[in-house]
>>> print(open('my_file.txt').read())   # compact mmCIF, C-alpha atoms
# COMPACT_ATOMS: atom_id res chain seq x y z
CA MET A 8 -17.14 -19.13 -6.17
CA SER A 9 -14.20 -17.67 -4.41
CA ASP A 10 -13.48 -15.48 -1.46
CA VAL A 11 -10.25 -13.50 -1.36
CA LYS A 12 -9.06 -12.57 2.10
CA LEU A 13 -7.15 -9.33 2.48
CA ALA A 14 -5.24 -7.77 5.35
CA PHE A 15 -5.18 -3.97 5.59
CA VAL A 16 -2.51 -3.08 8.13
CA VAL A 17 -2.35 0.53 9.29
CA GLN A 18 1.00 1.46 10.82
CA LYS A 19 0.90 5.27 10.50
CA PRO A 20 -1.15 7.56 12.76
CA GLN A 21 -4.32 9.18 11.50
CA TYR A 22 -4.72 12.80 10.36
CA LYS A 23 -1.27 14.00 9.30
CA GLY A 24 -1.28 11.82 6.22
CA GLU A 25 -4.18 10.66 4.12
CA THR A 26 -3.03 7.09 3.68
CA SER A 27 -4.12 5.75 7.05
CA ARG A 28 -7.65 7.03 6.46
CA LEU A 29 -7.69 5.61 2.95
CA ALA A 30 -6.98 2.21 4.48
CA ILE A 31 -10.26 2.43 6.34
CA THR A 32 -12.34 3.71 3.43
CA HIS A 33 -10.87 1.18 1.00
CA ALA A 34 -11.67 -1.64 3.42
CA ILE A 35 -15.25 -0.36 3.79
CA SER A 36 -15.68 -0.45 0.02
CA TYR A 37 -15.80 -4.25 0.20
CA GLN A 38 -19.52 -3.88 0.78
CA THR A 39 -20.11 -2.73 -2.81
CA VAL A 40 -17.42 -4.67 -4.68
CA GLU A 41 -19.90 -7.39 -5.63
CA ILE A 42 -21.26 -5.18 -8.44
CA LEU A 43 -17.92 -5.68 -10.21
CA LEU A 44 -17.49 -9.39 -9.41
CA GLU A 45 -19.12 -12.56 -10.67
CA ASP A 46 -21.82 -14.30 -8.64
CA GLY A 47 -20.33 -15.99 -5.61
CA GLU A 48 -17.11 -14.01 -5.67
CA THR A 49 -16.37 -12.03 -2.55
CA VAL A 50 -13.60 -10.03 -0.92
CA THR A 51 -13.13 -10.15 2.85
CA PRO A 52 -10.81 -7.57 4.34
CA LYS A 53 -9.56 -7.49 7.90
CA LEU A 54 -8.58 -4.02 9.06
CA CYS A 55 -5.65 -4.10 11.47
CA PHE A 56 -3.93 -1.32 13.43
CA ILE A 57 -0.39 -1.75 14.72
CA GLY A 58 2.46 0.42 15.98
CA GLU A 59 1.75 4.14 15.63
CA GLY A 60 -1.30 3.16 13.63
CA VAL A 61 -3.18 2.72 16.92
CA LEU A 62 -2.92 6.48 17.45
CA GLY A 63 -5.90 8.57 16.46
CA LEU A 64 -8.57 5.92 16.94
CA GLN A 65 -9.92 7.12 20.28
CA LYS A 66 -13.45 8.21 21.03
CA GLY A 67 -14.31 11.90 21.33
CA GLN A 68 -12.86 13.19 18.04
CA ASN A 69 -14.08 16.52 16.72
CA ALA A 70 -12.72 16.66 13.19
CA MET A 71 -15.88 17.92 11.52
CA ASP A 72 -16.21 21.01 13.70
CA LEU A 73 -12.52 21.86 13.68
CA TYR A 74 -11.37 20.96 10.16
CA GLY A 75 -14.58 20.17 8.30
CA ILE A 76 -13.68 16.55 7.64
CA THR A 77 -15.08 13.22 8.73
CA SER A 78 -13.35 11.97 11.85
CA THR A 79 -11.52 8.70 12.02
CA GLU A 80 -13.89 7.85 14.84
CA SER A 81 -16.83 8.13 12.42
CA HIS A 82 -15.01 6.03 9.84
CA MET A 83 -14.33 3.41 12.50
CA LYS A 84 -18.00 3.31 13.43
CA ASN A 85 -18.81 2.78 9.76
CA THR A 86 -16.45 -0.19 9.59
CA LEU A 87 -18.41 -1.80 12.38
CA LEU A 88 -21.73 -0.99 10.73
CA VAL A 89 -20.66 -2.85 7.58
CA ASP A 90 -19.49 -5.83 9.67
CA LEU A 91 -15.78 -5.50 9.01
CA ASP A 92 -13.42 -7.27 11.36
CA VAL A 93 -11.28 -4.59 13.00
CA LEU A 94 -8.23 -5.72 14.98
CA VAL A 95 -6.23 -3.32 17.14
CA CYS A 96 -2.92 -4.45 18.60
CA LYS A 97 -3.20 -4.88 22.35
CA GLU A 98 0.54 -4.49 23.00
CA ASP A 99 0.68 -1.21 21.08
CA LEU A 100 -2.30 0.29 22.89
CA ALA A 101 -0.56 -0.58 26.16
CA LYS A 102 2.74 0.83 24.87
CA TYR A 103 1.13 4.21 24.22
CA GLY A 104 -1.01 4.16 27.37
CA ILE A 105 -4.33 4.06 25.53
CA PRO A 106 -7.06 2.22 27.44
CA GLU A 107 -8.90 -0.43 25.50
CA ASP A 108 -12.25 1.15 26.37
CA ALA A 109 -11.19 4.31 24.50
CA MET A 110 -11.89 2.48 21.23
CA PRO A 111 -15.07 3.64 19.45
CA THR A 112 -18.20 1.51 19.45
CA ALA A 113 -21.22 1.62 17.18
CA GLU A 114 -23.74 -0.27 19.26
CA ASP A 115 -25.86 2.88 19.45
CA MET A 116 -26.05 2.84 15.65
CA GLY A 117 -27.07 -0.82 15.57
CA ALA A 118 -23.74 -2.44 14.82
CA ASP A 119 -23.32 -6.05 15.85
CA LYS A 120 -19.54 -5.95 15.72
CA SER A 121 -17.08 -4.20 17.94
CA ILE A 122 -13.39 -3.43 17.65
CA GLN A 123 -11.29 -6.40 18.73
CA VAL A 124 -8.24 -5.59 20.82
CA VAL A 125 -5.94 -8.53 20.20
CA PRO A 126 -2.33 -9.59 20.71
CA PHE A 127 -0.04 -8.97 17.72
CA ALA A 128 -0.01 -12.73 17.13
CA GLU A 129 -3.64 -12.47 15.98
CA ILE A 130 -2.69 -9.79 13.48
CA GLN A 131 0.19 -11.93 12.22
CA LYS A 132 -2.38 -14.70 11.72
CA ALA A 133 -4.60 -12.34 9.70
CA VAL A 134 -1.60 -11.44 7.52
CA GLU A 135 -0.78 -15.12 6.99
CA GLU A 136 -4.37 -16.02 6.11
CA ALA A 137 -4.73 -13.19 3.62
CA LYS A 138 -3.97 -13.66 -0.06
CA HIS A 139 -2.76 -10.06 -0.25
CA VAL A 140 -1.50 -7.73 2.45
CA PHE A 141 -1.49 -3.94 2.27
CA PHE A 142 0.45 -1.71 4.63
CA PHE A 143 -0.64 1.86 5.07
CA MET B 195 4.28 -17.51 4.22
CA LYS B 196 6.76 -16.31 1.62
CA LEU B 197 6.80 -12.54 1.96
CA GLY B 198 8.69 -10.07 -0.18
CA VAL B 199 9.03 -6.64 1.41
CA PHE B 200 9.97 -3.42 -0.34
CA VAL B 201 12.01 -1.02 1.81
CA SER B 202 12.17 2.47 0.31
CA ASP B 203 13.61 4.55 3.18
CA PHE B 204 17.05 4.62 4.75
CA LYS B 205 15.85 5.39 8.25
CA LEU B 206 15.32 2.20 10.15
CA THR B 207 11.55 2.01 10.29
CA THR B 208 11.78 -1.67 10.89
CA ASP B 209 9.28 -2.10 13.73
CA THR B 210 6.84 -3.90 11.49
CA LEU B 211 9.57 -5.84 9.74
CA ASP B 212 10.92 -7.01 13.10
CA ARG B 213 7.52 -8.29 14.17
CA LEU B 214 6.33 -10.02 11.04
CA LYS B 215 7.20 -13.68 10.83
CA ALA B 216 7.68 -15.31 7.46
CA ASP B 217 8.98 -18.73 6.44
CA LYS B 218 10.84 -16.96 3.68
CA LEU B 219 11.45 -13.24 3.92
CA GLY B 220 12.83 -11.23 1.04
CA ILE B 221 13.87 -7.60 1.34
CA ILE B 222 13.92 -5.57 -1.86
CA LEU B 223 15.74 -2.27 -1.37
CA VAL B 224 14.43 0.50 -3.60
CA GLN B 225 14.66 4.30 -3.66
CA ASN B 226 16.46 5.52 -0.50
CA GLY B 227 16.30 1.96 0.82
CA VAL B 228 19.32 1.17 -1.35
CA TYR B 229 21.50 3.06 1.16
CA HIS B 230 21.06 0.09 3.48
CA ALA B 231 23.12 -1.84 0.92
CA THR B 232 25.70 0.80 0.09
CA THR B 233 26.30 2.90 3.19
CA LYS B 234 27.97 2.16 6.48
CA GLU B 235 26.95 4.36 9.38
CA ASN B 236 29.95 4.94 11.66
CA GLY B 237 31.65 2.09 9.84
CA LYS B 238 28.86 -0.38 10.49
CA ALA B 239 26.63 -1.95 7.86
CA SER B 240 22.87 -1.60 8.23
CA SER B 241 21.32 -4.08 10.65
CA LEU B 242 18.61 -4.60 8.05
CA LEU B 243 21.07 -6.79 6.17
CA ASP B 244 21.13 -9.25 9.07
CA LYS B 245 17.42 -10.00 8.85
CA THR B 246 17.45 -12.42 5.94
CA PRO B 247 19.80 -13.89 3.36
CA ASN B 248 17.33 -12.87 0.63
CA LEU B 249 18.41 -9.30 -0.03
CA TYR B 250 18.05 -7.36 -3.27
CA ALA B 251 18.76 -3.78 -4.33
CA LEU B 252 17.44 -2.05 -7.42
CA SER B 253 20.26 -1.13 -9.79
CA GLU B 254 18.49 1.92 -11.23
CA ASP B 255 18.03 3.37 -7.73
CA ILE B 256 21.70 2.76 -6.88
CA GLN B 257 22.97 4.41 -10.05
CA ILE B 258 20.64 7.44 -9.91
CA ARG B 259 22.27 8.28 -6.56
CA GLY B 260 25.78 8.29 -8.05
CA MET B 261 26.78 4.91 -6.72
CA LYS B 262 27.76 1.79 -8.59
CA ASP B 263 26.38 -1.71 -8.41
CA GLY B 264 29.80 -2.72 -7.12
CA ASP B 265 29.34 -0.48 -4.08
CA VAL B 266 26.72 -2.74 -2.54
CA ASP B 267 27.30 -5.06 0.38
CA LYS B 268 28.25 -8.54 -0.85
CA ARG B 269 25.17 -10.04 0.79
CA VAL B 270 22.89 -8.06 -1.49
CA LYS B 271 22.03 -9.07 -5.04
CA VAL B 272 21.68 -6.20 -7.49
CA VAL B 273 18.55 -6.49 -9.62
CA ASN B 274 16.75 -4.52 -12.31
CA TYR B 275 13.01 -3.88 -12.73
CA GLY B 276 12.57 -7.05 -14.79
CA ASP B 277 14.22 -9.06 -12.03
CA VAL B 278 11.90 -7.47 -9.48
CA VAL B 279 8.91 -8.62 -11.53
CA ASP B 280 10.32 -12.15 -11.52
CA LEU B 281 10.88 -12.01 -7.76
CA ILE B 282 7.29 -10.89 -7.26
CA PHE B 283 5.81 -13.72 -9.31
CA ASN B 284 8.28 -16.53 -8.70
CA GLU B 285 9.78 -16.17 -5.25
CA TYR B 286 7.13 -14.69 -2.98
CA GLU B 287 3.44 -15.36 -2.37
CA LYS B 288 2.75 -11.91 -1.01
CA ILE B 289 4.43 -8.58 -1.42
CA ALA B 290 4.33 -5.55 0.80
CA TRP B 291 5.57 -1.97 0.66
CA LEU B 292 6.42 -0.91 4.20
CA MET C 222 1.47 -15.31 -17.22
CA GLY C 223 0.56 -13.55 -14.00
CA ASN C 224 -1.80 -10.82 -13.01
CA LEU C 225 -0.41 -7.87 -11.02
CA THR C 226 -2.48 -5.12 -9.43
CA ILE C 227 -0.70 -2.02 -8.17
CA GLY C 228 -2.32 0.46 -5.81
CA CYS C 229 -0.48 3.76 -6.12
CA TYR C 230 -1.11 6.60 -3.64
CA PRO C 231 1.91 8.96 -3.69
CA GLY C 232 1.76 12.19 -5.65
CA LEU C 233 3.25 12.54 -9.11
CA VAL C 234 5.38 15.45 -8.02
CA GLY C 235 7.24 15.23 -4.75
CA SER C 236 7.71 11.50 -4.49
CA MET C 237 9.56 9.11 -6.76
CA SER C 238 7.47 6.24 -5.44
CA TYR C 239 5.06 7.16 -8.23
CA ASP C 240 7.85 6.69 -10.77
CA PHE C 241 8.69 3.34 -9.20
CA ALA C 242 5.10 2.19 -9.67
CA MET C 243 5.12 3.20 -13.33
CA LYS C 244 8.44 1.51 -14.08
CA LEU C 245 7.41 -1.67 -12.27
CA ALA C 246 4.15 -1.75 -14.24
CA GLU C 247 6.05 -1.31 -17.49
CA ALA C 248 8.53 -4.06 -16.64
CA ALA C 249 5.69 -6.42 -15.73
CA VAL C 250 3.64 -5.77 -18.87
CA ASP C 251 6.75 -6.06 -21.03
CA LYS C 252 7.24 -9.55 -19.59
CA GLY C 253 3.70 -10.45 -20.67
CA HIS C 254 1.89 -10.06 -17.35
CA LYS C 255 -1.52 -8.48 -17.03
CA VAL C 256 -1.27 -5.26 -15.03
CA SER C 257 -3.87 -3.00 -13.41
CA ILE C 258 -3.11 0.27 -11.65
CA TRP C 259 -5.34 2.00 -9.13
CA PHE C 260 -4.69 5.63 -8.22
CA SER C 261 -5.86 7.02 -4.92
CA GLY C 262 -4.88 9.96 -2.74
CA ASN C 263 -2.36 12.37 -4.26
CA ALA C 264 -1.59 9.99 -7.14
CA THR C 265 -4.92 10.94 -8.68
CA GLY C 266 -3.50 14.33 -9.63
CA SER C 267 -1.48 12.54 -12.30
CA VAL C 268 -4.46 11.73 -14.50
CA LYS C 269 -4.94 15.31 -15.69
CA ALA C 270 -4.20 15.72 -19.38
CA ASN C 271 -1.87 18.28 -20.92
CA GLN C 272 0.87 18.03 -18.33
CA LYS C 273 3.95 20.06 -19.16
CA HIS C 274 7.05 17.95 -18.72
CA LEU C 275 9.62 20.15 -17.05
CA LYS C 276 12.82 18.24 -16.48
CA ASP C 277 12.90 18.95 -12.75
CA TYR C 278 9.61 17.11 -12.31
CA SER C 279 8.42 13.61 -13.02
CA THR C 280 5.83 13.27 -15.72
CA GLY C 281 2.76 11.12 -15.39
CA GLU C 282 1.09 11.62 -18.72
CA LYS C 283 3.75 10.03 -20.92
CA HIS C 284 4.00 6.98 -18.64
CA LEU C 285 0.25 6.59 -18.49
CA LYS C 286 -0.28 6.87 -22.24
CA ASP C 287 2.48 4.33 -22.89
CA LEU C 288 1.04 1.92 -20.35
CA LEU C 289 -2.50 2.31 -21.69
CA ALA C 290 -1.18 1.58 -25.18
CA LYS C 291 0.36 -1.61 -23.85
CA GLY C 292 -2.97 -2.76 -22.42
CA VAL C 293 -2.53 -1.79 -18.79
CA GLU C 294 -5.82 -0.94 -17.12
CA ILE C 295 -5.61 2.31 -15.17
CA CYS C 296 -8.28 3.72 -12.92
CA THR C 297 -8.41 6.76 -10.70
CA CYS C 298 -10.47 7.22 -7.56
CA GLU C 299 -13.19 9.61 -8.67
CA ALA C 300 -13.70 11.18 -5.24
CA CYS C 301 -9.95 11.74 -4.72
CA THR C 302 -9.65 13.22 -8.22
CA VAL C 303 -12.55 15.66 -8.15
CA ALA C 304 -11.47 16.71 -4.65
CA ARG C 305 -8.30 17.96 -6.33
CA GLY C 306 -10.24 20.05 -8.81
CA ILE C 307 -9.85 17.76 -11.81
CA LYS C 308 -12.93 17.14 -13.92
CA LYS C 309 -13.50 13.98 -15.88
CA ASP C 310 -13.32 15.74 -19.24
CA GLU C 311 -9.88 17.09 -18.28
CA GLY C 312 -8.49 13.61 -17.71
CA ILE C 313 -6.15 11.58 -19.87
CA PRO C 314 -8.29 9.58 -22.33
CA GLY C 315 -8.37 5.89 -21.50
CA VAL C 316 -7.95 6.30 -17.78
CA GLN C 317 -11.03 4.94 -16.00
CA TRP C 318 -12.79 6.75 -13.16
CA ASN C 319 -14.44 4.68 -10.48
CA ALA C 320 -14.80 4.10 -6.74
CA MET C 321 -12.56 2.21 -4.35
CA HIS C 322 -14.31 -1.08 -5.00
CA TRP C 323 -12.64 -1.09 -8.47
CA PHE C 324 -9.34 -1.69 -6.69
CA LEU C 325 -10.77 -4.50 -4.59
CA ALA C 326 -12.28 -6.14 -7.67
CA LYS C 327 -8.91 -6.08 -9.44
CA VAL C 328 -7.23 -7.42 -6.32
CA HIS C 329 -9.73 -10.28 -6.29
CA ALA C 330 -8.41 -11.41 -9.67
CA ALA C 331 -4.75 -10.65 -9.02
CA ASP C 332 -2.00 -13.19 -8.42
CA ARG C 333 0.04 -10.48 -6.76
CA ALA C 334 -0.97 -7.08 -5.42
CA LEU C 335 1.33 -4.30 -4.30
CA LEU C 336 0.04 -1.26 -2.50
CA ILE C 337 2.40 1.70 -2.48
CA GLY C 338 1.00 4.00 0.16
CA GLY C 339 1.40 7.73 0.27
CA GLU C 340 4.22 9.42 2.09
>>> encode(input="my_file.txt", output="structure tokens")
Amino acid sequence: MSDVKLAFVVQKPQYKGETSRLAITHAISYQTVEILLEDGETVTPKLCFIGEGVLGLQKGQNAMDLYGITSTESHMKNTLLVDLDVLVCKEDLAKYGIPEDAMPTAEDMGADKSIQVVPFAEIQKAVEEAKHVFFF
Amino acid sequence: MKLGVFVSDFKLTTDTLDRLKADKLGIILVQNGVYHATTKENGKASSLLDKTPNLYALSEDIQIRGMKDGDVDKRVKVVNYGDVVDLIFNEYEKIAWL
Amino acid sequence: MGNLTIGCYPGLVGSMSYDFAMKLAEAAVDKGHKVSIWFSGNATGSVKANQKHLKDYSTGEKHLKDLLAKGVEICTCEACTVARGIKKDEGIPGVQWNAMHWFLAKVHAADRALLIGGE
């Protein structure tokens, strides 16, 4: 019986590179990892966005129509649907002039969780509590 | 938290490094990160070297760029891949590639 | 001995971060540690067999075969790999194909995990 806490920290903006999206999809994959683990073993990621990583999260994305790919907004909604904790740095949103209510929600899809806009200190805490930390 | 951080670029993308707090911080300079240890910009050593006393630079990545282990700042310990493995397992609880 | 999991995302050609990951894995396994490597993103292009090693370019195949022979577990993200036009029967024998949860499962067992993101 063991839970391994992980911190996925995205510090690059979405879309130009693939890595920042892969952070999201890898974190989401925690929901199926149990098929490869022993009974009682779990993995609990926290998905964190800091610095330029807060760019490209806003509502209203149109990636499917324009480029034929899933938008980061859709991926973010999926993180909420699978009950991931998603932390977005409050100071960095303010730095780039992005209002907190621009963050996607998935209430309409039945998600119980919402994106948490938190001070960087909370993200530092997530990094400290994690056994492993991954920067994207 | 004992955190070992790999720095692989010369440009000072240290925003994250500046913000993260660690009881023990190690900086392992690899790839173009080794220039932090070998190169002075306008005569001044990289400010990265002021962040912690635990500084390492990968010998292979120094030599491939035509520099010598002796070219590195005295604060930086030159290590090989085997040493990096030992740092990962023995000196730091978590490792990160920034 | 310890257990190291490496997540490798940079492409074989165009970034020497891939080479770093291979050399670190080799150094760790040579010291007796258990090593697992997960390829995602552009790194998945390196699992195609029959690579021609031109000296201006890094080679993945030789590294991967050597590491497999030393007991390193290597797995490529199936979605990332097929998206790059590589079919399973074109892959280097011994390299596993799986989904992202393979990486998380290896991380669960790892003493140390290093993720080398793409450029």
>>> residues_around(input="my_file.txt", residues="C:Phe324", least_positions_apart="3", cutoff="6 Å", atoms="only C-alpha atoms", output="PyMOL selection string")
chain C and resi 259+321+327
>>> closest_atom_pairs(input="my_file.txt", of="chain A", to="chain C", cutoff="7 Å", atoms="all atoms listed in the file", output="CSV")
residue,atom,partner,partner_atom,distance
A:Val11,CA,C:His329,CA,5.9
A:Glu25,CA,C:Gly262,CA,6.9
A:Thr26,CA,C:Gly339,CA,5.6
A:His33,CA,C:Met321,CA,5.7
A:Ser36,CA,C:His322,CA,5.2
A:Tyr37,CA,C:His322,CA,6.3
A:Thr39,CA,C:His322,CA,6.4
A:Val40,CA,C:His322,CA,4.8
A:Leu43,CA,C:Ala326,CA,6.2
A:Leu44,CA,C:Ala326,CA,6.4
A:Val50,CA,C:His329,CA,6.6
A:His139,CA,C:Ala334,CA,6.2
A:Phe141,CA,C:Leu336,CA,5.7
A:Phe143,CA,C:Gly338,CA,5.6
>>> closest_residue(input="my_file.txt", among="B:Tyr250, B:Tyr286, B:Phe200, B:Tyr275", to="chain C", atoms="all atoms listed in the file")
B:Tyr275
>>> closest_atom_pairs(input="my_file.txt", of="chain B", to="chain A", cutoff="9 Å", atoms="all atoms listed in the file", output="CSV")
residue,atom,partner,partner_atom,distance
B:Met195,CA,A:Glu135,CA,6.2
B:Asp209,CA,A:Gly58,CA,7.6
B:Thr210,CA,A:Gly58,CA,7.6
B:Arg213,CA,A:Phe127,CA,8.4
B:Leu214,CA,A:Gln131,CA,6.5
B:Lys215,CA,A:Gln131,CA,7.4
B:Ala216,CA,A:Glu135,CA,8.5
B:Glu287,CA,A:Lys138,CA,7.9
B:Lys288,CA,A:His139,CA,5.9
B:Ile289,CA,A:Val140,CA,7.1
B:Ala290,CA,A:Phe141,CA,6.2
B:Trp291,CA,A:Phe142,CA,6.5
B:Leu292,CA,A:Phe142,CA,6.0
>>> write_last_selection(input="my_file.txt", atoms="C-alpha atoms", output="PDB file, in the coordinates of the input")
ATOM      1  CA  MET B 195       4.280 -17.510   4.220  1.00  0.00           C
ATOM      2  CA  ASP B 209       9.280  -2.100  13.730  1.00  0.00           C
ATOM      3  CA  THR B 210       6.840  -3.900  11.490  1.00  0.00           C
ATOM      4  CA  ARG B 213       7.520  -8.290  14.170  1.00  0.00           C
ATOM      5  CA  LEU B 214       6.330 -10.020  11.040  1.00  0.00           C
ATOM      6  CA  LYS B 215       7.200 -13.680  10.830  1.00  0.00           C
ATOM      7  CA  ALA B 216       7.680 -15.310   7.460  1.00  0.00           C
ATOM      8  CA  GLU B 287       3.440 -15.360  -2.370  1.00  0.00           C
ATOM      9  CA  LYS B 288       2.750 -11.910  -1.010  1.00  0.00           C
ATOM     10  CA  ILE B 289       4.430  -8.580  -1.420  1.00  0.00           C
ATOM     11  CA  ALA B 290       4.330  -5.550   0.800  1.00  0.00           C
ATOM     12  CA  TRP B 291       5.570  -1.970   0.660  1.00  0.00           C
ATOM     13  CA  LEU B 292       6.420  -0.910   4.200  1.00  0.00           C
TER      14      LEU B 292
END
>>> interface_residues(input="my_file.txt", of="chain B", to="chain C", cutoff="12 Å", atoms="all atoms listed in the file", output="PyMOL selection string")
chain B and resi 197-203+223-227+252+254-255+258+274-292
